[in-house]
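Visitor: This is the structure I have questions about; it appears just below.
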Number of protein chains: 2
Amino acid sequence: MNTIEVCIVPSLFNSLNHNDKAIVIVDIFRATSIICTMFMNGASKIIPVNDINEAIAYKEKGFLVAAERNGKKMDFADFGNSPFEFIPKKIKDKTIVYSTTNGTQTINKCKENEIVLIASFLNLSAIAENLLQLKKDVIILCSGWEGDFCLEDSVFAGALIEKLISSGVFTLSNDAAISSLDHWNLAKPNIEDYLKKSFQYSRLVRLKMIDIIRYCLAFDKTGLIPVFSHNYLILNK
Amino acid sequence: MNTIEVCIVPSLFNSLNHNDKAIVIVDIFRATSIICTMFMNGASKIIPVNDINEAIAYKEKGFLVAAERNGKKMDFADFGNSPFEFIPKKIKDKTIVYSTTNGTQTINKCKENEIVLIASFLNLSAIAENLLQLKKDVIILCSGWEGDFCLEDSVFAGALIEKLISSGVFTLSNDAAISSLDHWNLAKPNIEDYLKKSFQYSRLVRLKMIDIIRYCLAFDKTGLIPVFSHNYLILNK
């Protein structure tokens, strides 16, 4: 049996034993959904950067840069944080530098890990199948919101857990995984309805981004699996 | 309106704005349930200490000491971590030095806070009434297990939240509070049944402590409210 644990906020990650485990990074609204989108639309490589100055330096070197803070596009950037901006015409075969409030910070916590998968509802089933093949213990690392827990990442973790435990070869290994499965079971009949009470949902509605919410909650739009390897996001071979 | 947020793991506490808020500390299995019990049975004061060496030093000065690590009584201590040990004959009018794996560490994070209440199912309604009178924003600080999230503290947080929001003068202010209320709603029909899937429940059952579980899940056994003030736990005046 392999284990699944949920890292409920990124700051706990370093206190977990993550040696030789597969790390699944989740930031439903919106970094991991957008990373999946970039690859769906042909991007060849993504460089996740924490620091805005680093993103600006890449921009000055001629890179395409996507950068947002607190949900808003940075002035210097080519793209903000809407999945609809990353159209094939603009990004096909390109390297994109990407910096966000939560998600890219979380990704960069995993520089030492060998297996780091980028997950969203858009590639949920592909991620589950990949984990079943890998036969490794799994940590689902939720990005949350400004360091705190967020409900949508937990719901996604629960959806992934349901798929993994139904195989009979995975078992849960912390209460956060149990909690996520509870949230998923509550959300499953209608995820958007369930998430209406969450703070990120309200924030995105206030920013008139209901179309982005719906986009990020759509299941299995791709079989692609972005992985974090040697400081870059690339597609899993 | 006042706000309620849940601090889902203790390591997040310092990143929250906790100025002028009422802090409610929760460690259902078992520190906050035991602190309530000590006062119910006549203790006059409790000194929560983080460090085992500090507890030993108090013991050498003649204090009564309760100390456990990972659920087991330390050899040098007078008491371990069973609520049934703290009988009036032994503790009435006494000061007790108390050190545990999770709960007392959490309490000592709140040395700078003015209003710090110790909550458990044993004094749930009293805590809710006190908070309604205080008219302050509230942070429910869950101790968790070894720094990670635990389900029983979240269930308790949800039970307290339900009482506070039913007054109409409190509103939730983070997703962790929403999550806790979900857990409480799932657990409410039969809390023990619900918690059977949690890791702490299994751990306590393995240690043959089912009677302690049931004791800690009993509602409203006291109207007493322990508070943390000037490094001591005392009863609220």
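Letters A, B, ... mark the chains of the structure tokens in the order given; residue numbers begin at 1 per chain; ligand numbers begin at 1, in order shown.
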Could the residues of chain A within 10 Å of chain B, counting only C-alpha atoms, be given as an MDAnalysis selection string, please?
Guide: chainID A and resid 6:9 11:12 15:16 144:152 154 172:180 182:183 186 197:200
Visitor: Leaving out Ile225 of chain B and any residue of its chain fewer than 6 positions from it, which residues lie within 9 Å of it when counting only C-alpha atoms, given as a tab-separated table (two decimals) with C-alpha atoms, in the first residue's frame?
Guide:
chain	number	residue	atom	x	y	z
B	36	CYS	CA	-10.85	22.41	32.14
B	39	PHE	CA	-10.07	23.62	37.32
B	117	LEU	CA	-9.59	31.40	26.56
B	118	ILE	CA	-9.11	27.66	27.00
B	119	ALA	CA	-11.91	25.75	25.29
B	123	ASN	CA	-17.06	24.15	28.58
B	126	ALA	CA	-19.71	28.83	28.58
B	127	ILE	CA	-17.05	29.81	26.04
B	130	ASN	CA	-18.34	34.59	27.09
B	234	ILE	CA	-6.25	30.82	35.96
B	235	LEU	CA	-10.02	30.95	36.11
B	236	ASN	CA	-11.80	33.85	34.45
B	237	LYS	CA	-13.18	36.24	37.05
Visitor: Residues within 9 Å of Leu164 of chain A, please, as a list in words. Count only C-alpha atoms; anything in the same chain fewer than 2 positions from it doesn't count.
Guide: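 Within the cut-off, the hits are Ile4, Ala128, Glu129, Leu131, Leu132, Ala159, Leu160, Ile161, Glu162, Ser166, Ser167, Gly168, Val169, Phe170 and Thr171 of chain A.
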Visitor: At what distance in Å, to one decimal, does atom CA of Arg69 of chain B lie from atom CA of Ile96 of chain B?
Guide: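 Result for atom CA of Ile96 of chain B versus atom CA of Arg69 of chain B: 16.8 Å, one decimal.
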